[in-house]
Amino acid sequence: MKPKSRIVNIPVYQPGKPIEEVKRELGLEQVIKLASNENPYGSAPSVQQAIIDELSQLYLYPDGGAVELTAQLAAHIGVQPNQIVFGCGSDEVIALISRSFLEPGDETIMADQTFSVYKSNADIEGATVVEVPLQQGKHDLPAMLAAVTDHTKIIWVCNPNNPTGTIVTEDELVTFLDAVPSNVMVVLDEAYYEYVVAGDYPRSVELLERYNNIVILRTFSKIYGLAALRIGYGVGHADTIRLINQVREPFNTSRIAQAAARQAISDQAFVDDCRIKNREGMEYLIAAFDRLGLTHFPSETNFIMVDTGHPGMEIFQALLQRGIIIRSGHSKYPTWIRVTIGRPEQNEAFVQALEQTLQERQATV
Ligand SMILES: *Cc1c(COP(=O)(O)O)cnc(C)c1O
């Protein structure tokens, strides 16, 4: 069997190492995973109850159009229902956008260190990927604008950016959007939207009224703590959303996921509580990095990227031996690691393990 030539060399996505695997391989009893930006506080108890209540309905197909959930979300964020599309995670929405808009000969612009799913989907569709270097971990919007050609179809702005955690501000984004040709789509991936506290973060939903070419991505996987259920969404102009719906599988979000998401939207107290605890954890980590003399990027997310001064892969391995899973292997930042902000005791264990690891390396130099 001969596959499509352009998919042959696409790498398989490498997820954060699963806890069970690390326990088995290293014979450790306790393993802390701070690698996939999952919510360390889980999901809201009220959401777990909504899931239990839905269990008697499993023999029924889900509502393919997620009508009830769409109406609820539309009211919550202040758009019309025909401006929203749900996906099996926002990952699927990225795939659907790529499938609807990208083809060989098209160019798509993204940062050189950002969420890898944009590039893999562009590769699958045969579009040419143009990567623009980050500046101090931040999207360089003027350089991204300068990269636009007649062939450009989509520009991906991961805001806040994964893995660096930085944001572009409302002013920077508006200046950029004013200059981007209206036939070029700008995707604003706001997977960490609910974690942001910066006052100058874009109010992107309001920008939809001024710019027809924006699509916003958000998810229930991060602060809502529902990563296992796979549900996220895109918000954009009704015409764009209709096109995306044309390539969507009929039942791409499950009944359980829809029920959970409906309840999750209703329980904003949980979200607020998680945001506050996350900031406390972030401050603790920043204080530790400062004490250890380590440089980090300013983060508006539930993770933070820090320069260890040693090969990140080696630090990853050393922390793994101590039962702590983080992320490394960022090609543009070979000495940096990305750590998810955990619960206080997890953060303390991470700092202790990092400090020991760095001391050992110091001693062997
Ligand atoms: C986690 C993440 C997503 C995808 O989340 P889903 O679980 O597919 O909804 C999208 N974009 C970024 C930047 C992320 O970090």
# chains A, B, ... in the order shown; residues from 1 in each chain; ligands from 1

$ residues_near_ligand --ligand "ligand 1" --cutoff "6 Å" --atoms "only C-alpha atoms and all ligand atoms" --output "list in words"
Gly89, Ser90, Asp91, Phe115, Cys158, Asn162, Asp189, Ala191, Thr219, Ser221, Ala227, Arg230, Ile231 and Gly232 of chain A

$ select_by_dssp --residues "range 92-263 of chain A" --states "helix (DSSP H, G or I)" --output "ChimeraX atom specification"
/A:92-101,117-125,141-146,170-179,193-195,204-207,227-229,238-247,255-263

$ select_by_dssp --residues "range 27-248 of chain A" --states "strand (DSSP E or B)" --output "PyMOL selection string"
chain A and resi 32-33+84-87+107-111+128-132+135+138+152-158+185-189+214-219+232-236

$ residues_around --residues "Leu177 in chain A" --least-positions-apart "2" --cutoff "9 Å" --atoms "only C-alpha atoms" --output "list of chain:residue names"
A:Glu172, A:Leu173, A:Val174, A:Thr175, A:Ala179, A:Val180, A:Pro181, A:Ser182, A:Val186, A:Tyr211, A:Asn213, A:Ile214

$ write_last_selection --atoms "N, CA, C and O atoms" --output "compact mmCIF listing (two decimals), in the first residue's frame"
# COMPACT_ATOMS: atom_id res chain seq x y z
N GLU A 172 -0.88 45.30 20.57
CA GLU A 172 -0.03 44.64 19.57
C GLU A 172 -0.89 43.87 18.56
O GLU A 172 -0.65 43.90 17.35
N LEU A 173 -1.90 43.19 19.09
CA LEU A 173 -2.74 42.37 18.21
C LEU A 173 -3.56 43.23 17.26
O LEU A 173 -3.67 42.92 16.06
N VAL A 174 -4.11 44.34 17.77
CA VAL A 174 -4.94 45.21 16.93
C VAL A 174 -4.09 45.83 15.81
O VAL A 174 -4.51 45.88 14.65
N THR A 175 -2.89 46.30 16.14
CA THR A 175 -1.99 46.85 15.12
C THR A 175 -1.74 45.81 14.03
O THR A 175 -1.76 46.12 12.83
N ALA A 179 -3.29 45.39 9.81
CA ALA A 179 -2.40 45.31 8.65
C ALA A 179 -2.51 43.98 7.89
O ALA A 179 -2.12 43.91 6.72
N VAL A 180 -3.04 42.95 8.53
CA VAL A 180 -3.15 41.65 7.85
C VAL A 180 -4.25 41.74 6.78
O VAL A 180 -5.34 42.22 7.07
N PRO A 181 -3.97 41.26 5.56
CA PRO A 181 -5.01 41.28 4.53
C PRO A 181 -6.26 40.52 5.00
O PRO A 181 -6.13 39.51 5.68
N SER A 182 -7.43 41.02 4.63
CA SER A 182 -8.67 40.45 5.19
C SER A 182 -8.95 39.04 4.67
O SER A 182 -9.78 38.33 5.22
N VAL A 186 -6.60 34.65 10.74
CA VAL A 186 -5.72 34.69 11.91
C VAL A 186 -6.38 33.84 13.00
O VAL A 186 -7.49 34.15 13.45
N TYR A 211 -13.16 42.29 13.01
CA TYR A 211 -12.32 41.54 12.06
C TYR A 211 -13.01 40.20 11.73
O TYR A 211 -13.11 39.32 12.57
N ASN A 213 -11.91 37.93 9.88
CA ASN A 213 -10.96 36.86 9.54
C ASN A 213 -10.34 36.19 10.77
O ASN A 213 -9.40 35.44 10.63
N ILE A 214 -10.89 36.47 11.97
CA ILE A 214 -10.32 35.82 13.18
C ILE A 214 -11.09 34.56 13.51
O ILE A 214 -12.31 34.52 13.40

$ closest_residue --among "A:Gln258, A:Asn159, A:Gln352, A:Thr152" --to "Ala288 in chain A" --atoms "only C-alpha atoms"
A:Gln352

$ residues_around --residues "range 243-253 of chain A" --least-positions-apart "6" --cutoff "7 Å" --atoms "only C-alpha atoms" --output "VMD selection string"
chain A and resid 62 64 85 87 to 88 96 to 97 100 231
